$ cat my_file.csv   # CSV, C-alpha atoms and all ligand atoms
chain,number,residue,atom,x,y,z
W,1,ASN,CA,-115.6,-33.3,44.1
W,2,LEU,CA,-112.9,-35.7,43.0
W,3,PRO,CA,-112.4,-37.5,39.6
W,4,ALA,CA,-113.5,-41.1,39.6
W,5,HIS,CA,-110.4,-42.1,37.6
W,6,VAL,CA,-106.9,-40.5,37.4
W,7,LYS,CA,-104.5,-41.2,34.5
W,8,ILE,CA,-100.9,-41.4,35.8
W,9,VAL,CA,-98.2,-40.4,33.3
W,10,GLU,CA,-95.1,-42.2,34.5
W,11,VAL,CA,-92.0,-40.1,33.8
W,12,GLY,CA,-89.4,-42.2,35.6
W,13,PRO,CA,-87.5,-43.6,32.7
W,14,ARG,CA,-87.1,-40.1,31.2
W,15,ASP,CA,-87.4,-37.4,33.9
W,16,GLY,CA,-86.3,-39.8,36.6
W,17,LEU,CA,-83.1,-41.0,34.9
W,18,GLN,CA,-82.1,-37.9,32.9
W,19,ASN,CA,-80.2,-36.5,35.8
W,20,GLU,CA,-78.3,-39.6,36.9
W,21,LYS,CA,-74.6,-39.1,36.4
W,22,GLU,CA,-73.7,-42.8,36.0
W,23,ILE,CA,-75.0,-44.1,32.7
W,24,VAL,CA,-77.7,-46.7,33.2
W,25,PRO,CA,-77.4,-49.6,30.7
W,26,THR,CA,-80.1,-49.7,28.0
W,27,ALA,CA,-81.2,-53.2,29.1
W,28,THR,CA,-81.9,-51.9,32.6
W,29,LYS,CA,-84.0,-49.0,31.3
W,30,VAL,CA,-85.9,-51.4,29.1
W,31,GLN,CA,-86.5,-53.8,32.1
W,32,LEU,CA,-87.7,-50.9,34.2
W,33,ILE,CA,-90.2,-49.8,31.4
W,34,LYS,CA,-91.5,-53.4,31.2
W,35,MET,CA,-92.0,-53.6,34.9
W,36,LEU,CA,-93.8,-50.3,35.0
W,37,VAL,CA,-96.1,-51.4,32.2
W,38,SER,CA,-96.8,-54.7,33.9
W,39,SER,CA,-97.8,-52.8,37.0
W,40,GLY,CA,-100.7,-51.3,35.0
W,41,LEU,CA,-99.3,-47.9,34.0
W,42,THR,CA,-100.6,-47.1,30.6
W,43,VAL,CA,-98.4,-44.1,29.8
W,44,VAL,CA,-94.7,-44.3,30.3
W,45,GLU,CA,-92.5,-41.5,29.1
W,46,ALA,CA,-89.6,-43.6,27.7
W,47,THR,CA,-86.8,-41.3,26.8
W,48,SER,CA,-85.8,-38.0,25.1
W,49,PHE,CA,-84.5,-37.3,21.6
W,50,VAL,CA,-82.3,-34.4,22.8
W,51,SER,CA,-78.7,-33.5,22.3
W,52,PRO,CA,-76.5,-36.2,23.8
W,53,LYS,CA,-74.1,-33.5,24.8
W,54,TRP,CA,-76.8,-31.9,26.9
W,55,VAL,CA,-78.2,-35.1,28.4
W,56,PRO,CA,-75.7,-37.9,28.0
W,57,GLN,CA,-77.9,-40.3,30.1
W,58,LEU,CA,-80.5,-40.5,27.3
W,59,ALA,CA,-78.1,-40.9,24.3
W,60,ASP,CA,-79.4,-44.4,23.8
W,61,ALA,CA,-82.9,-43.2,23.0
W,62,LYS,CA,-83.1,-45.0,19.7
W,63,ASP,CA,-82.0,-48.3,21.3
W,64,VAL,CA,-84.6,-48.0,24.1
W,65,MET,CA,-87.3,-47.4,21.5
W,66,ASP,CA,-86.2,-50.4,19.4
W,67,ALA,CA,-86.3,-52.6,22.5
W,68,ILE,CA,-89.8,-51.5,23.7
W,69,ARG,CA,-91.4,-51.5,20.2
W,70,ASN,CA,-93.4,-54.6,20.9
W,71,ILE,CA,-94.5,-54.0,24.4
W,72,GLN,CA,-98.3,-53.9,24.4
W,73,GLY,CA,-100.7,-52.1,26.8
W,74,ALA,CA,-99.0,-48.7,27.1
W,75,ARG,CA,-98.1,-45.6,25.2
W,76,PHE,CA,-94.5,-44.4,25.2
W,77,PRO,CA,-94.2,-40.6,24.6
W,78,VAL,CA,-90.7,-39.2,24.1
W,79,LEU,CA,-89.4,-35.7,24.5
W,80,THR,CA,-88.4,-33.8,21.3
W,81,PRO,CA,-87.1,-30.2,21.6
W,82,ASN,CA,-86.9,-29.5,17.9
W,83,LEU,CA,-87.5,-31.0,14.4
W,84,LYS,CA,-84.2,-32.9,14.5
W,85,GLY,CA,-85.3,-34.7,17.6
W,86,PHE,CA,-88.8,-35.2,16.2
W,87,GLU,CA,-87.5,-36.8,13.1
W,88,ALA,CA,-85.2,-39.1,15.0
W,89,ALA,CA,-88.0,-40.1,17.3
W,90,VAL,CA,-90.4,-40.9,14.5
W,91,SER,CA,-87.7,-43.0,12.7
W,92,ALA,CA,-87.2,-44.8,16.0
W,93,GLY,CA,-90.9,-45.7,16.0
W,94,ALA,CA,-92.3,-43.1,18.5
W,95,ASN,CA,-96.0,-42.6,18.2
W,96,GLU,CA,-96.4,-39.8,20.7
W,97,VAL,CA,-94.0,-36.9,21.4
W,98,ALA,CA,-93.7,-34.1,23.9
W,99,ILE,CA,-92.3,-30.6,23.6
W,100,PHE,CA,-91.2,-28.6,26.6
W,101,ALA,CA,-91.4,-24.9,27.0
W,102,SER,CA,-90.8,-22.8,30.1
W,103,ALA,CA,-92.7,-20.0,31.8
W,104,SER,CA,-89.4,-18.5,32.8
W,105,GLU,CA,-87.0,-16.9,30.3
W,106,SER,CA,-83.9,-17.9,32.3
W,107,PHE,CA,-84.9,-21.5,32.6
W,108,SER,CA,-85.8,-21.6,28.9
W,109,LYS,CA,-82.3,-20.4,28.1
W,110,SER,CA,-80.5,-22.9,30.4
W,111,ASN,CA,-82.7,-25.9,29.5
W,112,ILE,CA,-83.0,-25.5,25.7
W,113,ASN,CA,-80.7,-22.6,24.9
W,114,CYS,CA,-83.3,-20.2,23.5
W,115,SER,CA,-85.9,-17.7,24.6
W,116,ILE,CA,-89.5,-18.6,25.2
W,117,GLU,CA,-90.7,-17.1,21.9
W,118,ASP,CA,-87.9,-18.8,19.9
W,119,SER,CA,-88.8,-22.1,21.6
W,120,LEU,CA,-92.5,-21.6,20.7
W,121,ALA,CA,-91.6,-21.0,17.1
W,122,ARG,CA,-89.5,-24.3,17.1
W,123,PHE,CA,-92.4,-26.1,18.7
W,124,ARG,CA,-94.9,-24.9,16.1
W,125,ASP,CA,-92.7,-26.7,13.5
W,126,VAL,CA,-92.7,-29.9,15.6
W,127,VAL,CA,-96.4,-29.8,16.1
W,128,SER,CA,-97.2,-29.2,12.5
W,129,ALA,CA,-94.9,-32.1,11.4
W,130,ALA,CA,-96.6,-34.3,14.0
W,131,ARG,CA,-100.1,-33.3,12.8
W,132,GLU,CA,-99.2,-34.3,9.2
W,133,ILE,CA,-98.7,-37.9,10.5
W,134,SER,CA,-101.5,-37.7,13.1
W,135,LEU,CA,-99.1,-38.0,16.1
W,136,PRO,CA,-100.4,-36.6,19.4
W,137,VAL,CA,-98.1,-34.0,21.0
W,138,ARG,CA,-98.0,-33.2,24.8
W,139,GLY,CA,-96.7,-29.8,25.8
W,140,TYR,CA,-94.9,-29.2,29.0
W,141,VAL,CA,-94.6,-25.8,30.8
W,142,SER,CA,-91.7,-25.8,33.2
W,143,CYS,CA,-91.3,-23.5,36.2
W,144,VAL,CA,-95.0,-22.9,36.6
W,145,VAL,CA,-94.6,-21.6,40.2
W,146,GLY,CA,-91.0,-20.7,40.6
W,147,CYS,CA,-87.7,-20.5,38.7
W,148,PRO,CA,-84.3,-21.3,40.1
W,149,VAL,CA,-83.0,-17.9,38.8
W,150,GLU,CA,-86.0,-15.6,38.6
W,151,GLY,CA,-87.9,-16.7,41.7
W,152,ILE,CA,-91.7,-16.3,41.6
W,153,VAL,CA,-93.2,-16.9,38.2
W,154,PRO,CA,-96.4,-14.9,37.5
W,155,PRO,CA,-99.5,-17.1,36.8
W,156,SER,CA,-100.3,-14.9,33.8
W,157,LYS,CA,-97.0,-16.0,32.2
W,158,VAL,CA,-97.8,-19.7,32.8
W,159,ALA,CA,-101.3,-19.2,31.3
W,160,TYR,CA,-99.7,-17.4,28.3
W,161,VAL,CA,-97.3,-20.2,27.5
W,162,ALA,CA,-99.9,-22.9,28.2
W,163,LYS,CA,-102.4,-21.3,25.8
W,164,GLN,CA,-99.7,-21.0,23.1
W,165,LEU,CA,-99.0,-24.7,23.4
W,166,PHE,CA,-102.7,-25.5,23.3
W,167,ASP,CA,-103.5,-23.3,20.4
W,168,MET,CA,-100.6,-24.7,18.3
W,169,GLY,CA,-102.2,-28.2,18.7
W,170,CYS,CA,-100.9,-29.9,21.9
W,171,SER,CA,-103.5,-32.3,23.1
W,172,GLU,CA,-102.3,-32.2,26.7
W,173,ILE,CA,-100.5,-29.5,28.6
W,174,SER,CA,-98.5,-30.6,31.6
W,175,LEU,CA,-97.8,-27.9,34.2
W,176,GLY,CA,-94.5,-28.6,35.9
W,177,ASP,CA,-93.4,-27.2,39.2
W,178,THR,CA,-89.8,-28.0,38.1
W,179,ILE,CA,-88.1,-27.0,41.4
W,180,GLY,CA,-90.9,-28.1,43.7
W,181,VAL,CA,-91.5,-24.8,45.5
W,182,GLY,CA,-95.3,-24.7,45.1
W,183,THR,CA,-97.8,-25.0,47.8
W,184,PRO,CA,-101.6,-25.1,47.4
W,185,GLY,CA,-101.3,-21.4,48.1
W,186,THR,CA,-99.4,-20.7,44.9
W,187,VAL,CA,-100.7,-23.6,42.9
W,188,ILE,CA,-104.4,-22.6,43.0
W,189,PRO,CA,-103.9,-19.1,41.5
W,190,MET,CA,-101.7,-20.6,38.8
W,191,LEU,CA,-104.2,-23.3,37.9
W,192,GLU,CA,-107.1,-20.8,37.9
W,193,ASN,CA,-105.2,-18.6,35.5
W,194,VAL,CA,-104.4,-21.5,33.2
W,195,MET,CA,-108.0,-22.9,33.4
W,196,ASN,CA,-109.2,-19.6,32.0
W,197,VAL,CA,-107.5,-20.3,28.7
W,198,VAL,CA,-107.1,-24.1,28.4
W,199,PRO,CA,-109.9,-26.6,29.0
W,200,ILE,CA,-109.4,-28.6,32.2
W,201,ASP,CA,-109.7,-32.0,30.4
W,202,ASN,CA,-106.5,-31.0,28.5
W,203,LEU,CA,-104.4,-30.3,31.6
W,204,ALA,CA,-102.0,-32.4,33.6
W,205,VAL,CA,-99.9,-31.6,36.7
W,206,HIS,CA,-96.3,-32.4,37.3
W,207,PHE,CA,-95.0,-31.8,40.8
W,208,HIS,CA,-91.6,-32.2,42.3
W,209,ASP,CA,-91.4,-32.9,46.0
W,210,THR,CA,-88.5,-30.6,47.0
W,211,TYR,CA,-90.4,-29.2,50.0
W,212,GLY,CA,-92.7,-32.2,50.6
W,213,GLN,CA,-95.7,-30.4,49.0
W,214,ALA,CA,-96.3,-32.6,46.0
W,215,LEU,CA,-99.2,-34.7,47.3
W,216,SER,CA,-101.0,-31.7,48.7
W,217,ASN,CA,-100.5,-30.0,45.4
W,218,ILE,CA,-101.9,-33.0,43.5
W,219,LEU,CA,-104.9,-33.3,45.8
W,220,THR,CA,-105.5,-29.5,45.4
W,221,SER,CA,-105.3,-29.9,41.6
W,222,LEU,CA,-107.9,-32.7,41.6
W,223,GLN,CA,-110.3,-30.5,43.4
W,224,VAL,CA,-109.9,-27.1,41.8
W,225,SER,CA,-112.9,-26.3,39.6
W,226,SER,CA,-113.0,-24.6,36.3
W,227,PRO,CA,-116.1,-22.4,35.7
W,228,ARG,CA,-115.0,-21.5,32.2
W,229,PHE,CA,-114.3,-24.9,30.7
W,230,PRO,CA,-116.4,-27.6,32.4
W,231,SER,CA,-115.1,-31.1,32.1
W,232,VAL,CA,-116.8,-33.8,30.1
W,233,HIS,CA,-118.6,-35.1,33.2
W,234,SER,CA,-120.0,-31.7,34.1
W,235,LYS,CA,-121.0,-31.1,30.4
W,236,LEU,CA,-123.0,-34.3,30.8
W,237,HIS,CA,-124.4,-33.0,34.0
W,238,PHE,CA,-125.6,-29.8,32.3
W,239,LEU,CA,-127.0,-31.9,29.5
W,240,LEU,CA,-128.9,-33.9,32.0
W,241,LEU,CA,-130.2,-30.8,33.7
W,242,ASP,CA,-131.4,-29.4,30.3
W,243,LEU,CA,-133.2,-32.6,29.5
W,244,SER,CA,-134.8,-32.6,32.9
W,245,ILE,CA,-136.0,-29.0,32.5
W,246,GLY,CA,-137.3,-30.0,29.1
W,247,TRP,CA,-139.2,-32.9,30.6
W,248,VAL,CA,-140.6,-30.6,33.3
W,249,GLU,CA,-142.0,-28.3,30.6
W,250,LEU,CA,-143.3,-31.2,28.4
W,251,VAL,CA,-144.8,-33.5,30.9
W,252,LEU,CA,-145.4,-31.4,34.0
W,253,ASP,CA,-145.6,-34.5,35.9
W,254,GLN,CA,-144.1,-33.8,39.3
W,255,VAL,CA,-143.3,-37.4,40.3
W,256,LYS,CA,-141.4,-38.0,37.1
W,257,VAL,CA,-139.5,-34.7,37.5
W,258,ILE,CA,-138.4,-35.6,41.0
W,259,LEU,CA,-137.3,-39.0,39.8
W,260,VAL,CA,-135.3,-37.7,36.9
W,261,LEU,CA,-133.6,-35.0,39.0
W,262,SER,CA,-132.7,-37.5,41.8
W,263,LEU,CA,-131.4,-40.0,39.3
W,264,GLY,CA,-129.3,-37.3,37.7
W,265,TYR,CA,-128.0,-36.3,41.1
W,266,PHE,CA,-126.9,-39.9,41.9
W,267,ARG,CA,-125.5,-40.5,38.5
W,268,PHE,CA,-123.6,-37.3,38.0
W,269,GLY,CA,-123.7,-35.9,41.5
W,270,SER,CA,-119.9,-36.2,42.0
W,271,ILE,CA,-119.1,-33.9,39.1
W,272,GLN,CA,-115.5,-34.0,38.0
W,273,MET,CA,-114.3,-30.5,38.1
W,274,GLY,CA,-110.6,-31.0,38.8
W,275,ILE,CA,-107.6,-32.2,36.8
W,276,SER,CA,-107.4,-35.9,36.3
W,277,THR,CA,-104.0,-36.4,34.8
W,278,VAL,CA,-101.0,-36.6,37.1
W,279,ASP,CA,-97.3,-37.1,36.2
W,280,SER,CA,-95.1,-38.9,38.6
W,281,SER,CA,-91.9,-40.9,38.7
W,282,VAL,CA,-91.3,-44.3,40.2
W,283,SER,CA,-89.5,-44.1,43.5
W,284,GLY,CA,-89.5,-40.3,43.2
W,285,LEU,CA,-86.5,-40.4,40.8
W,286,GLY,CA,-85.5,-37.3,39.0
W,287,GLY,CA,-84.7,-33.7,39.2
W,288,CYS,CA,-83.7,-31.5,36.3
W,289,PRO,CA,-80.1,-31.0,35.2
W,290,TYR,CA,-80.7,-27.3,34.7
W,291,ALA,CA,-82.7,-26.7,37.9
W,292,LYS,CA,-80.2,-26.7,40.7
W,293,GLY,CA,-81.6,-27.9,44.0
W,294,ALA,CA,-84.6,-29.5,42.4
W,295,SER,CA,-85.2,-32.9,44.2
W,296,GLY,CA,-87.1,-35.7,42.6
W,297,ASN,CA,-90.5,-35.9,41.1
W,298,VAL,CA,-93.4,-37.0,43.3
W,299,ALA,CA,-93.1,-40.8,43.7
W,300,THR,CA,-95.6,-42.8,41.7
W,301,GLU,CA,-96.0,-45.3,44.6
W,302,ASP,CA,-97.1,-42.4,47.0
W,303,VAL,CA,-99.5,-41.0,44.4
W,304,VAL,CA,-101.1,-44.5,43.9
W,305,TYR,CA,-101.3,-45.0,47.7
W,306,MET,CA,-103.1,-41.7,48.1
W,307,LEU,CA,-105.4,-42.2,45.1
W,308,ASN,CA,-106.3,-45.7,46.4
W,309,GLY,CA,-107.1,-44.2,49.8
W,310,LEU,CA,-109.4,-41.7,48.1
W,311,GLY,CA,-111.1,-44.5,46.2
W,312,ILE,CA,-109.9,-43.1,42.9
W,313,GLU,CA,-109.3,-45.7,40.2
W,314,THR,CA,-105.8,-45.8,38.6
W,315,ASN,CA,-105.6,-49.5,37.4
W,316,VAL,CA,-102.1,-49.6,38.9
W,317,ASP,CA,-101.1,-52.6,41.0
W,318,LEU,CA,-99.1,-51.1,43.9
W,319,GLU,CA,-97.2,-54.3,44.7
W,320,LYS,CA,-95.9,-54.6,41.2
W,321,LEU,CA,-95.1,-50.9,41.1
W,322,LEU,CA,-93.1,-51.3,44.3
W,323,LEU,CA,-91.1,-54.1,42.6
W,324,ALA,CA,-90.2,-51.7,39.7
W,325,GLY,CA,-89.1,-49.1,42.2
W,326,ASP,CA,-87.0,-51.7,44.1
W,327,PHE,CA,-85.5,-52.9,40.8
W,328,ILE,CA,-84.3,-49.4,39.7
W,329,CYS,CA,-83.1,-48.4,43.2
W,330,LYS,CA,-81.0,-51.5,43.5
W,331,HIS,CA,-79.5,-50.7,40.2
W,332,LEU,CA,-78.7,-47.1,41.3
W,333,ARG,CA,-77.4,-48.5,44.6
W,334,ARG,CA,-79.7,-46.4,46.8
W,335,PRO,CA,-82.6,-47.3,49.1
W,336,PRO,CA,-86.2,-46.9,47.6
W,337,SER,CA,-87.2,-43.3,48.4
W,338,SER,CA,-91.0,-43.4,48.1
W,339,LYS,CA,-92.6,-43.1,51.6
W,340,THR,CA,-94.8,-46.1,50.6
W,341,ALA,CA,-91.8,-48.3,49.8
W,342,VAL,CA,-90.1,-47.3,53.1
W,343,ALA,CA,-93.2,-47.9,55.1
W,344,LEU,CA,-94.0,-51.3,53.6
W,345,SER,CA,-90.4,-52.5,53.7
W,346,SER,CA,-90.2,-51.9,57.4
W,347,LYS,CA,-93.2,-54.1,58.1
N,401,LIG,P1,-78.1,-26.1,21.0
N,401,LIG,O1,-76.7,-26.4,21.4
N,401,LIG,O2,-78.6,-24.7,21.1
N,401,LIG,O3,-78.5,-26.7,19.6
N,401,LIG,O4,-79.1,-27.1,21.9
N,401,LIG,P2,-77.9,-26.6,18.2
N,401,LIG,O5,-79.1,-26.6,17.3
N,401,LIG,O6,-77.0,-25.4,18.1
N,401,LIG,O7,-77.2,-27.9,18.0
N,401,LIG,C1,-76.0,-28.3,18.8
N,401,LIG,C2,-75.7,-29.7,18.6
N,401,LIG,O8,-76.7,-30.5,19.1
N,401,LIG,C3,-75.5,-30.1,17.1
N,401,LIG,O9,-74.6,-31.2,17.1
N,401,LIG,C4,-76.9,-30.6,16.8
N,401,LIG,O10,-76.8,-31.5,15.7
N,401,LIG,C5,-77.2,-31.3,18.0
N,401,LIG,P3,-73.0,-30.9,16.8
N,401,LIG,O11,-73.0,-30.2,15.5
N,401,LIG,O12,-72.5,-30.0,17.9
N,401,LIG,O13,-72.4,-32.2,16.8
N,401,LIG,N1,-78.7,-31.5,18.2
N,401,LIG,C6,-79.3,-32.6,18.5
N,401,LIG,N2,-78.8,-33.9,18.7
N,401,LIG,C7,-79.7,-34.8,19.0
N,401,LIG,N3,-81.1,-34.6,19.1
N,401,LIG,C8,-81.5,-33.4,19.0
N,401,LIG,C9,-80.7,-32.3,18.7
N,401,LIG,N4,-80.8,-31.0,18.4
N,401,LIG,C10,-79.6,-30.5,18.2
N,401,LIG,N5,-82.8,-33.2,19.1
N,401,LIG,C11,-81.1,-28.3,22.3
N,401,LIG,C12,-80.5,-27.0,21.8
N,401,LIG,C13,-82.6,-28.1,22.5
N,401,LIG,C14,-80.8,-29.4,21.3
N,401,LIG,C15,-80.4,-28.7,23.7
N,401,LIG,O14,-80.5,-27.6,24.5
N,401,LIG,C16,-81.0,-29.8,24.4
N,401,LIG,O15,-80.9,-31.0,23.9
N,401,LIG,N6,-81.7,-29.6,25.5
N,401,LIG,C17,-82.4,-30.7,26.2
N,401,LIG,C18,-82.5,-30.4,27.6
N,401,LIG,C19,-83.3,-31.4,28.4
N,401,LIG,O16,-83.5,-32.5,27.9
N,401,LIG,N7,-83.7,-31.0,29.6
N,401,LIG,C20,-84.5,-31.9,30.4
N,401,LIG,C21,-85.9,-32.0,29.9
N,401,LIG,S1,-87.0,-30.7,30.4
N,401,LIG,C22,-87.5,-31.1,32.0
N,401,LIG,O17,-86.9,-32.0,32.6
N,401,LIG,C23,-88.6,-30.4,32.6
N,401,LIG,C24,-89.9,-31.3,32.6
N,401,LIG,O18,-89.7,-32.5,33.2
N,401,LIG,C25,-91.0,-30.5,33.4
N,401,LIG,C26,-90.7,-30.3,34.8
N,401,LIG,O19,-90.0,-31.1,35.5
N,401,LIG,O20,-91.2,-29.3,35.3
N,401,LIG,C27,-90.4,-31.5,31.2
N,402,MG,MG,-90.0,-33.2,36.2
$ encode --input "my_file.csv" --output "structure tokens" --more "lines below"
Ligand code: HMG
Ligand code: MG
Amino acid sequence: NLPAHVKIVEVGPRDGLQNEKEIVPTATKVQLIKMLVSSGLTVVEATSFVSPKWVPQLADAKDVMDAIRNIQGARFPVLTPNLKGFEAAVSAGANEVAIFASASESFSKSNINCSIEDSLARFRDVVSAAREISLPVRGYVSCVVGCPVEGIVPPSKVAYVAKQLFDMGCSEISLGDTIGVGTPGTVIPMLENVMNVVPIDNLAVHFHDTYGQALSNILTSLQVSSPRFPSVHSKLHFLLLDLSIGWVELVLDQVKVILVLSLGYFRFGSIQMGISTVDSSVSGLGGCPYAKGASGNVATEDVVYMLNGLGIETNVDLEKLLLAGDFICKHLRRPPSSKTAVALSSK
């Protein structure tokens, strides 16, 4: 059972670039965003309104937002760690923001300089300010499998933080394996714990490829089922089943019953039970400044290649996406690092 469509949240311009030491000119970031949108990506995380002392690469957040204001066809969420960042983002024209908590105390401290509980209190202020002006808020949970300092992170802790973010009003919770240590063996119990407290339709996964496990973790996430919170498709399935049973009772016409049940099977047979929102970064750019050893995010090109192979719709044009990857890698003076780009360039 796989979803028919997967929404890709492209995080390259933010997560991908935030760790680059050499400052990338604003015009290059803007050109990258334009190329990503023209490849068909409909959500492109554009930048962060964080302290420029902490993340100097994204100090031009306002200028980036000014330059992309009129680009049609995509949403441009931005990271906001506190009310100061939120207010700056809104003044710069942001119409979607993201807050970022951690499931590990040590990572919370090194990433945003406060405890998990203090961060949740800050985020409640951001979410309520966002609600007043009807802005959707995405909530990240970092270190959902492992922490660079604490090691293994218990799934119950991830579920706790995810639920807090969901209950305060985040419309989507992205589960980040920040240091890329997860395998399906650790990702499945983590997802099962989270799915007990947050509906599956509100979840996204965010894998880093440090140990080459990102694609298997994504495939696993698309397949894991949630008995507690069935997805929209499976709710429809249950509705159809109810209607069919109703029909059985009313009509008691066996031919019609068989017809309805088989129609139902073919229409809703492939019930979507898994997660259908996946974060990735063009050319696998990224890594977190406060997660030593974390290599890049999973490459969007490789995710699209896999989803194409599975017959899952993404609306992304792989050729155009490869051009975007090539563009930014040339700028960073390094060869494209997605497997797909390497394979296709050697043809
Ligand atoms: P702090 O030093 O504790 O904050 O930083 P503060 O309130 O004491 O303020 C210190 C200075 O920062 C002050 O300026 C504030 O005005 C300023 P000064 O008086 O020294 O001139 N300041 C700000 N400036 C601009 N925008 C703001 C802002 N807030 C305060 N929003 C803070 C706390 C949260 C600000 C800091 O720790 C920070 O900016 N951290 C951001 C770290 C970050 O961006 N990390 C990467 C993103 S998370 C990630 O990558 C993981 C993820 O991708 C998931 C995954 O991969 O798994 C999401
Ligand atoms: Mg990341």
$ closest_residue --input "my_file.csv" --among "W:Ile218, W:Ala46, W:Val64, W:Leu17" --to "Ser283 in chain W" --atoms "only C-alpha atoms"
W:Leu17
$ residues_near_ligand --input "my_file.csv" --ligand "ligand MG 402 (chain N)" --cutoff "12 Å" --atoms "all atoms listed in the file" --output "PDB file with C-alpha atoms, in the frame of the given file"
ATOM      1  CA  VAL W   9     -98.200 -40.400  33.300  1.00  0.00           C
ATOM      2  CA  GLU W  10     -95.100 -42.200  34.500  1.00  0.00           C
ATOM      3  CA  VAL W  11     -92.000 -40.100  33.800  1.00  0.00           C
ATOM      4  CA  GLY W  12     -89.400 -42.200  35.600  1.00  0.00           C
ATOM      5  CA  PRO W  13     -87.500 -43.600  32.700  1.00  0.00           C
ATOM      6  CA  ARG W  14     -87.100 -40.100  31.200  1.00  0.00           C
ATOM      7  CA  ASP W  15     -87.400 -37.400  33.900  1.00  0.00           C
ATOM      8  CA  GLY W  16     -86.300 -39.800  36.600  1.00  0.00           C
ATOM      9  CA  LEU W  17     -83.100 -41.000  34.900  1.00  0.00           C
ATOM     10  CA  GLN W  18     -82.100 -37.900  32.900  1.00  0.00           C
ATOM     11  CA  ASN W  19     -80.200 -36.500  35.800  1.00  0.00           C
ATOM     12  CA  GLU W  45     -92.500 -41.500  29.100  1.00  0.00           C
ATOM     13  CA  LEU W  79     -89.400 -35.700  24.500  1.00  0.00           C
ATOM     14  CA  PHE W 100     -91.200 -28.600  26.600  1.00  0.00           C
ATOM     15  CA  TYR W 140     -94.900 -29.200  29.000  1.00  0.00           C
ATOM     16  CA  VAL W 141     -94.600 -25.800  30.800  1.00  0.00           C
ATOM     17  CA  SER W 142     -91.700 -25.800  33.200  1.00  0.00           C
ATOM     18  CA  CYS W 143     -91.300 -23.500  36.200  1.00  0.00           C
ATOM     19  CA  VAL W 144     -95.000 -22.900  36.600  1.00  0.00           C
ATOM     20  CA  SER W 174     -98.500 -30.600  31.600  1.00  0.00           C
ATOM     21  CA  LEU W 175     -97.800 -27.900  34.200  1.00  0.00           C
ATOM     22  CA  GLY W 176     -94.500 -28.600  35.900  1.00  0.00           C
ATOM     23  CA  ASP W 177     -93.400 -27.200  39.200  1.00  0.00           C
ATOM     24  CA  THR W 178     -89.800 -28.000  38.100  1.00  0.00           C
ATOM     25  CA  ILE W 179     -88.100 -27.000  41.400  1.00  0.00           C
ATOM     26  CA  GLY W 180     -90.900 -28.100  43.700  1.00  0.00           C
ATOM     27  CA  VAL W 205     -99.900 -31.600  36.700  1.00  0.00           C
ATOM     28  CA  HIS W 206     -96.300 -32.400  37.300  1.00  0.00           C
ATOM     29  CA  PHE W 207     -95.000 -31.800  40.800  1.00  0.00           C
ATOM     30  CA  HIS W 208     -91.600 -32.200  42.300  1.00  0.00           C
ATOM     31  CA  ASP W 209     -91.400 -32.900  46.000  1.00  0.00           C
ATOM     32  CA  THR W 210     -88.500 -30.600  47.000  1.00  0.00           C
ATOM     33  CA  ALA W 214     -96.300 -32.600  46.000  1.00  0.00           C
ATOM     34  CA  VAL W 278    -101.000 -36.600  37.100  1.00  0.00           C
ATOM     35  CA  ASP W 279     -97.300 -37.100  36.200  1.00  0.00           C
ATOM     36  CA  SER W 280     -95.100 -38.900  38.600  1.00  0.00           C
ATOM     37  CA  SER W 281     -91.900 -40.900  38.700  1.00  0.00           C
ATOM     38  CA  VAL W 282     -91.300 -44.300  40.200  1.00  0.00           C
ATOM     39  CA  GLY W 284     -89.500 -40.300  43.200  1.00  0.00           C
ATOM     40  CA  LEU W 285     -86.500 -40.400  40.800  1.00  0.00           C
ATOM     41  CA  GLY W 286     -85.500 -37.300  39.000  1.00  0.00           C
ATOM     42  CA  GLY W 287     -84.700 -33.700  39.200  1.00  0.00           C
ATOM     43  CA  CYS W 288     -83.700 -31.500  36.300  1.00  0.00           C
ATOM     44  CA  PRO W 289     -80.100 -31.000  35.200  1.00  0.00           C
ATOM     45  CA  TYR W 290     -80.700 -27.300  34.700  1.00  0.00           C
ATOM     46  CA  ALA W 291     -82.700 -26.700  37.900  1.00  0.00           C
ATOM     47  CA  ALA W 294     -84.600 -29.500  42.400  1.00  0.00           C
ATOM     48  CA  SER W 295     -85.200 -32.900  44.200  1.00  0.00           C
ATOM     49  CA  GLY W 296     -87.100 -35.700  42.600  1.00  0.00           C
ATOM     50  CA  ASN W 297     -90.500 -35.900  41.100  1.00  0.00           C
ATOM     51  CA  VAL W 298     -93.400 -37.000  43.300  1.00  0.00           C
ATOM     52  CA  ALA W 299     -93.100 -40.800  43.700  1.00  0.00           C
TER      53      ALA W 299
END
$ closest_residue --input "my_file.csv" --among "W:Ser171, W:Ala74, W:Lys21, W:Asn82" --to "ligand LIG 401 (chain N)" --atoms "all atoms listed in the file"
W:Asn82
$ closest_residue --input "my_file.csv" --among "W:Val50, W:Val30, W:Leu323, W:Val97" --to "ligand LIG 401 (chain N)" --atoms "only C-alpha atoms and all ligand atoms"
W:Val50
$ residues_near_point --input "my_file.csv" --point "(-80.8, -39.2, 24.2)" --cutoff "6 Å" --atoms "all atoms listed in the file" --output "number ranges by chain"
W: 48-50, 52, 58-61
$ residues_around --input "my_file.csv" --residues "Leu120 in chain W" --least-positions-apart "4" --cutoff "8 Å" --atoms "only C-alpha atoms" --output "number ranges by chain"
W: 101, 116, 124, 164-165
$ atom_distance --input "my_file.csv" --atom1 "CA of Leu2 in chain W" --atom2 "CA of Thr277 in chain W"
12.1 Å
$ residues_around --input "my_file.csv" --residues "Ala341 in chain W" --least-positions-apart "6" --cutoff "12 Å" --atoms "only C-alpha atoms" --output "PyMOL selection string"
chain W and resi 282-284+299-305+318-327+329+335+347
